[in-house]
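A.B. asks: File target_19.txt below, compact mmCIF, C-alpha atoms:
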# COMPACT_ATOMS: atom_id res chain seq x y z
CA MET A 1 135.66 85.09 103.82
CA ILE A 2 133.05 87.72 104.59
CA ASN A 3 133.33 91.49 104.87
CA CYS A 4 132.45 93.59 107.89
CA GLU A 5 129.05 94.55 106.57
CA LYS A 6 128.05 90.92 106.19
CA ALA A 7 129.55 90.14 109.59
CA SER A 8 127.45 92.80 111.33
CA THR A 9 124.29 91.56 109.63
CA ILE A 10 124.97 88.02 110.80
CA CYS A 11 125.73 89.34 114.25
CA ASN A 12 122.35 91.12 114.31
CA LYS A 13 120.55 88.01 113.08
CA LYS A 14 122.27 86.04 115.80
CA GLN A 15 120.69 88.31 118.44
CA TYR A 16 117.32 87.05 117.26
CA LYS A 17 118.50 83.47 116.77
CA GLU A 18 118.08 83.74 113.04
CA ALA A 19 121.64 83.12 111.89
CA THR A 20 122.29 79.79 110.18
CA LEU A 21 125.07 77.51 111.35
CA LEU A 22 127.20 78.36 108.32
CA GLU A 23 126.71 82.08 108.99
CA GLN A 24 127.72 81.65 112.59
CA ILE A 25 130.90 79.86 111.59
CA GLN A 26 131.68 82.60 109.06
CA LEU A 27 131.11 85.21 111.74
CA GLY A 28 133.24 83.38 114.28
CA PHE A 29 136.10 83.24 111.83
CA HIS A 30 135.75 86.92 110.94
CA LEU A 31 135.78 87.92 114.60
CA LEU A 32 139.12 86.18 115.08
CA TYR A 33 140.96 88.78 113.04
CA CYS A 34 138.62 91.81 112.99
CA LYS A 35 138.82 93.77 116.22
CA ALA A 36 136.18 96.32 115.23
CA CYS A 37 133.58 93.64 114.58
CA ALA A 38 134.56 91.77 117.73
CA ALA A 39 133.91 94.92 119.75
CA PHE A 40 130.60 95.49 117.99
CA SER A 41 129.63 91.88 118.57
CA ARG A 42 130.33 92.17 122.29
CA LYS A 43 128.26 95.33 122.62
CA ASN A 44 125.47 93.91 120.52
CA LYS A 45 125.26 90.83 122.71
CA LYS A 46 125.22 93.03 125.78
CA LEU A 47 122.35 95.05 124.31
CA THR A 48 120.36 91.86 123.86
CA ILE A 49 121.00 90.91 127.47
CA LEU A 50 119.97 94.38 128.64
CA CYS A 51 116.74 94.26 126.65
CA ASP A 52 115.89 90.86 128.11
CA LYS A 53 116.66 92.02 131.62
CA ALA A 54 114.58 95.18 131.31
CA ASN A 55 111.47 93.13 130.56
CA LEU A 56 110.03 95.83 128.31
CA HIS A 57 106.32 96.37 127.99
CA ILE A 58 104.46 98.07 125.20
CA LEU A 59 100.87 98.90 124.45
CA SER A 60 99.24 97.29 121.43
CA GLU A 61 98.32 99.40 118.41
CA GLN A 62 94.69 98.90 119.27
CA GLU A 63 95.14 100.20 122.80
CA LYS A 64 96.99 103.19 121.43
CA GLU A 65 94.21 103.95 118.96
CA GLN A 66 91.71 103.93 121.82
CA MET A 67 93.88 106.34 123.75
CA LYS A 68 94.18 108.64 120.77
CA GLU A 69 90.42 108.69 120.34
CA LYS A 70 89.89 109.65 123.95
CA ILE A 71 92.44 112.43 123.66
CA ASP A 72 90.84 113.72 120.46
CA HIS A 73 87.47 113.80 122.22
CA ASN A 74 88.88 115.96 124.96
CA ILE A 75 90.88 118.43 122.92
CA MET B 1 111.15 139.87 122.89
CA ASP B 2 107.41 139.48 122.55
CA ALA B 3 105.41 136.53 123.76
CA THR B 4 105.33 134.62 120.49
CA SER B 5 109.05 134.56 119.98
CA ILE B 6 109.57 133.30 123.52
CA ASN B 7 107.19 130.50 122.79
CA MET B 8 109.17 129.52 119.73
CA THR B 9 112.25 128.76 121.74
CA GLU B 10 110.57 127.02 124.63
CA ASN B 11 108.95 123.63 124.84
CA GLN B 12 105.45 123.30 123.53
CA LEU B 13 102.73 120.76 124.05
CA ASN B 14 101.56 118.73 121.13
CA PRO B 15 98.80 116.43 122.42
CA THR B 16 98.10 114.78 119.08
CA SER B 17 101.50 113.11 119.11
CA TRP B 18 101.49 112.16 122.79
CA VAL B 19 100.38 108.58 122.30
CA ASP B 20 102.93 107.83 119.59
CA GLN B 21 105.75 109.53 121.41
CA TYR B 22 105.22 108.77 125.06
CA ALA B 23 102.59 106.05 125.61
CA ASP B 24 105.08 103.17 125.76
CA TYR B 25 107.51 105.11 127.89
CA LEU B 26 104.81 106.09 130.40
CA PHE B 27 103.31 102.61 130.30
CA ASN B 28 106.62 101.03 131.25
CA TYR B 29 107.01 103.48 134.08
CA ALA B 30 103.54 102.67 135.36
CA VAL B 31 103.81 98.89 134.98
CA ALA B 32 107.00 98.89 137.01
CA ARG B 33 105.16 100.63 139.83
CA VAL B 34 101.71 99.10 139.95
CA SER B 35 102.65 95.71 138.45
CA ASP B 36 99.36 95.33 136.64
CA GLY B 37 99.01 95.99 132.91
CA GLU B 38 95.36 97.04 132.97
CA ILE B 39 95.79 99.48 135.84
CA ALA B 40 98.96 100.84 134.29
CA LYS B 41 97.12 101.45 131.02
CA ASP B 42 94.36 103.33 132.82
CA LEU B 43 96.90 105.46 134.63
CA VAL B 44 98.57 106.40 131.36
CA GLN B 45 95.22 107.31 129.85
CA GLU B 46 94.34 109.40 132.89
CA THR B 47 97.71 111.10 132.63
CA PHE B 48 97.03 112.18 129.06
CA LEU B 49 93.58 113.50 129.95
CA ALA B 50 94.89 115.32 133.01
CA GLY B 51 97.61 116.75 130.79
CA LEU B 52 95.02 118.13 128.40
CA LYS B 53 93.08 119.67 131.23
CA SER B 54 96.05 121.45 132.70
CA ALA B 55 97.73 122.25 129.39
CA LYS B 56 97.11 125.93 129.96
CA ASN B 57 99.30 125.79 133.06
CA TYR B 58 102.21 124.35 131.11
CA GLN B 59 105.03 126.86 131.28
CA GLY B 60 107.36 125.28 128.82
CA ALA B 61 110.14 125.08 131.38
CA ALA B 62 110.27 121.29 131.31
CA THR B 63 110.09 119.07 128.28
CA GLU B 64 106.78 117.43 127.42
CA ARG B 65 108.14 114.10 128.59
CA THR B 66 109.24 115.35 132.00
CA TRP B 67 105.96 117.15 132.44
CA LEU B 68 103.89 114.07 131.60
CA ILE B 69 105.99 111.84 133.86
CA ALA B 70 105.39 114.27 136.72
CA ILE B 71 101.64 113.94 136.19
CA LEU B 72 101.89 110.16 136.01
CA LYS B 73 103.83 110.12 139.27
CA ARG B 74 100.91 111.87 140.96
CA LYS B 75 98.51 109.39 139.41
CA VAL B 76 100.49 106.45 140.79
CA ILE B 77 100.51 107.99 144.26
CA ASP B 78 96.77 108.69 144.05
CA TYR B 79 96.19 105.10 143.01
CA TYR B 80 97.95 103.76 146.09
CA ARG B 81 96.12 106.23 148.30
CA LYS B 82 92.82 105.05 146.90
CA ILE B 83 93.42 101.34 147.40
CA ASN B 84 94.79 101.95 150.87
CA SER B 85 91.82 103.97 152.01
CA LYS B 86 89.36 101.25 151.11
CA LYS B 87 87.81 99.82 154.21
CA GLY B 88 89.87 97.27 156.05
CA LYS B 89 93.03 98.01 154.17
CA ALA B 90 93.86 101.17 156.02
CA GLU B 91 94.91 99.16 159.00
CA VAL B 92 98.32 97.68 158.58
CA ARG B 93 99.41 95.12 161.06
CA ILE B 94 103.03 94.35 161.38
CA ASN B 95 104.09 91.06 162.75
CA TYR B 96 107.73 91.04 163.46
CA SER B 97 107.88 87.33 163.17
CA SER B 98 105.56 84.42 162.63
CA HIS B 99 107.12 82.69 165.61
CA SER B 100 105.62 84.30 168.66
CA ASP B 101 107.93 82.54 171.06
CA SER B 102 111.14 84.07 169.84
CA GLU B 103 111.36 86.59 172.61
CA GLY B 104 113.81 89.37 172.09
CA ASP B 105 115.28 87.88 168.95
CA TRP B 106 112.99 89.65 166.52
CA LEU B 107 115.35 92.42 165.62
CA GLU B 108 118.15 90.09 164.66
CA GLU B 109 115.74 87.94 162.73
CA ASN B 110 114.25 90.77 160.76
CA VAL B 111 117.28 92.75 159.89
CA ALA B 112 117.83 92.92 156.12
CA ASP B 113 120.47 90.66 154.73
CA PRO B 114 123.35 93.05 154.03
CA PHE B 115 124.76 90.78 151.34
CA SER B 116 121.54 90.48 149.37
CA THR B 117 121.60 92.24 146.01
CA LEU B 118 118.12 91.16 144.93
CA GLU B 119 116.46 94.47 145.77
CA ASN B 120 119.07 96.47 143.94
CA ASP B 121 118.72 94.28 140.89
CA GLN B 122 115.04 94.99 140.70
CA ILE B 123 115.46 98.74 141.02
CA GLU B 124 118.18 98.60 138.44
CA ASN B 125 115.98 96.73 135.99
CA VAL B 126 113.22 99.31 136.33
CA GLU B 127 115.69 102.09 135.61
CA LEU B 128 117.14 100.11 132.75
CA GLY B 129 113.69 99.65 131.23
CA GLN B 130 113.08 103.37 131.32
CA ALA B 131 116.48 104.16 129.87
CA ILE B 132 115.89 101.79 126.96
CA GLN B 133 112.36 103.05 126.40
CA GLU B 134 113.58 106.63 126.33
CA CYS B 135 116.26 105.75 123.81
CA ILE B 136 113.76 103.90 121.63
CA SER B 137 111.50 106.94 121.58
CA LYS B 138 114.37 109.02 120.25
CA LEU B 139 114.94 106.71 117.28
CA PRO B 140 113.65 107.64 113.84
CA LYS B 141 110.13 106.31 113.46
CA LYS B 142 110.87 103.47 111.06
CA GLN B 143 113.80 102.20 113.10
CA SER B 144 111.83 102.18 116.32
CA ALA B 145 108.89 100.44 114.66
CA VAL B 146 111.12 97.65 113.36
CA PHE B 147 113.07 97.36 116.60
CA ILE B 148 109.93 97.16 118.74
CA MET B 149 108.30 94.57 116.49
CA LYS B 150 111.41 92.45 116.44
CA THR B 151 112.71 92.80 119.98
CA ILE B 152 109.72 93.48 122.18
CA ARG B 153 106.85 91.92 120.30
CA GLY B 154 109.11 89.14 119.06
CA LEU B 155 107.55 88.95 115.61
CA SER B 156 109.15 86.91 112.85
CA THR B 157 111.12 88.60 110.09
CA GLU B 158 108.52 87.47 107.55
CA ASP B 159 105.58 88.96 109.45
CA ILE B 160 107.33 92.29 109.89
CA CYS B 161 108.26 92.46 106.22
CA ASN B 162 104.64 91.81 105.26
CA GLU B 163 103.26 94.34 107.68
CA LEU B 164 105.67 97.12 106.72
CA GLY B 165 106.03 96.20 103.06
CA ILE B 166 109.83 95.95 103.12
CA ASN B 167 112.23 93.16 102.18
CA PRO B 168 114.40 91.26 104.67
CA SER B 169 117.61 93.07 103.79
CA ASN B 170 115.86 96.42 104.41
CA LEU B 171 114.74 95.04 107.72
CA TRP B 172 118.21 94.02 108.82
CA VAL B 173 119.62 97.39 107.81
CA MET B 174 116.94 99.02 109.94
CA VAL B 175 117.64 96.68 112.86
CA HIS B 176 121.34 97.42 112.56
CA ARG B 177 120.82 101.19 112.64
CA ALA B 178 118.41 100.94 115.54
CA ARG B 179 120.79 98.77 117.56
CA THR B 180 123.81 100.98 116.90
CA ASN B 181 121.80 104.05 117.86
CA LEU B 182 120.63 102.38 121.05
CA MET B 183 124.15 101.38 121.97
CA GLY B 184 125.19 105.00 121.56
CA CYS B 185 122.18 106.35 123.41
CA LEU B 186 122.24 104.04 126.39
CA ASN B 187 124.65 105.47 128.85
CA GLU B 188 128.07 103.85 128.90
CA ASN B 189 127.23 102.72 132.42
CA TRP B 190 124.87 100.10 131.14
CA PHE B 191 127.60 98.55 129.05
CA LYS B 192 130.01 97.87 131.86
CA LEU B 193 130.32 94.15 132.23
Represent the structure from my file as structure tokens, please.
C.D. replies:
Amino acid sequence: MINCEKASTICNKKQYKEATLLEQIQLGFHLLYCKACAAFSRKNKKLTILCDKANLHILSEQEKEQMKEKIDHNI
Amino acid sequence: MDATSINMTENQLNPTSWVDQYADYLFNYAVARVSDGEIAKDLVQETFLAGLKSAKNYQGAATERTWLIAILKRKVIDYYRKINSKKGKAEVRINYSSHSDSEGDWLEENVADPFSTLENDQIENVELGQAIQECISKLPKKQSAVFIMKTIRGLSTEDICNELGINPSNLWVMVHRARTNLMGCLNENWFKL
């Protein structure tokens, strides 16, 4: 038996494929009787799907440093 | 009310924090429109510099973010103008169809498929990207750093812990807070299944 806190941590790990098989079974069992965690789990999964779909881009730290330097030069 | 107290209540520009606060958000916006990382990066840089130049015209009516996006929009338009005015590209030829013998059928052949949802999907994904990026930028700094490293850069838990000097359970707490905040921030619309 696991508590809700543990369940949410496993659920988060699962989003990054870092939950062990045992953890996943524990989570699955918890979700059977805990409606709050089941709702969280659904939303969490959806968030993962949304992030994948959005195909997010970011600048590297190095690129950002270069930008900052150029801004500082021009202030 | 004198001028200084008006300024207190209105939006102000803070160029030293622009890169940290808006670079990723603007970059995503640009990438979605020019579909080239290098060009998008240049446009963001130009936006910041143009922002500095015209900072004195900033009235404080819009937020910094809105104001910067407006500049970037102009930059994107200018970019397309520039590449279109290069010799030989100004002339656009439209062929209705590659089959020249299909007399009179071209309209039927070229009408958009009314049942296709592909175009909408793409527009939706661009909007989604911006919505997520905006929500990430509203997160507390540590949460957004962890979330970006984990979700967008796809780094391993171990690498992140080493880089930030935290332990794995700290990391998962941070991930949890970031994800719950994002769920709350992203409009309910995005969560309709």
A.B. asks: Would you compute the distance between CA of Gln130 (chain B) and CA of Ile39 (chain B)? Give it in Å to one decimal.
C.D. replies: 18.3 Å
A.B. asks: Show me, as a CSV table (one decimal) with C-alpha atoms, keeping the file's coordinate frame, every residue of chain B with an atom at most 6 Å from chain A, counting all atoms listed in the file.
C.D. replies:
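Dumped to result_10.csv:
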chain,number,residue,atom,x,y,z
B,24,ASP,CA,105.1,103.2,125.8
B,28,ASN,CA,106.6,101.0,131.2
B,125,ASN,CA,116.0,96.7,136.0
B,128,LEU,CA,117.1,100.1,132.8
B,129,GLY,CA,113.7,99.6,131.2
A.B. asks: Applying 12 Å and all atoms listed in the file, which residues near Cys34 (chain A) remain after dropping the ones on its own chain fewer than 4 positions away? List them as a list of chain:residue names.
C.D. replies: A:Met1, A:Ile2, A:Asn3, A:Cys4, A:Glu5, A:Ala7, A:Ser8, A:Leu27, A:Gly28, A:Phe29, A:His30, A:Ala38, A:Ala39, A:Phe40, A:Ser41
A.B. asks: At what distance in Å, to one decimal, does CA of Thr66 (chain B) lie from CA of Asp36 (chain B)?
C.D. replies: 22.8 Å
A.B. asks: Separation of CA of Lys138 (chain B) and CA of Leu155 (chain B), in Å?
C.D. replies: 21.7 Å
A.B. asks: I'd like the contact shell of region 143-148 of chain B - 8 Å cut-off, all atoms listed in the file, skipping same-chain residues fewer than 6 positions apart - returned as a PyMOL selection string.
C.D. replies: chain B and resi 136-137+160+171+174-175+177-179
A.B. asks: When distances are computed from all atoms listed in the file, which of B:Tyr25, B:Tyr58, B:Leu49, B:Pro168 shows the smallest separation from Ser156 (chain B)?
C.D. replies: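 Residue with the minimum atom-to-atom distance to Ser156 (chain B): B:Pro168.
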A.B. asks: Point out the residue among B:Asn84, B:Gln122, B:Ser116, B:Gln133 with the least atom-to-atom distance to Gln21 (chain B), counting only C-alpha atoms.
C.D. replies: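 Ranking B:Asn84, B:Gln122, B:Ser116, B:Gln133 by distance to Gln21 (chain B), first place goes to B:Gln133.
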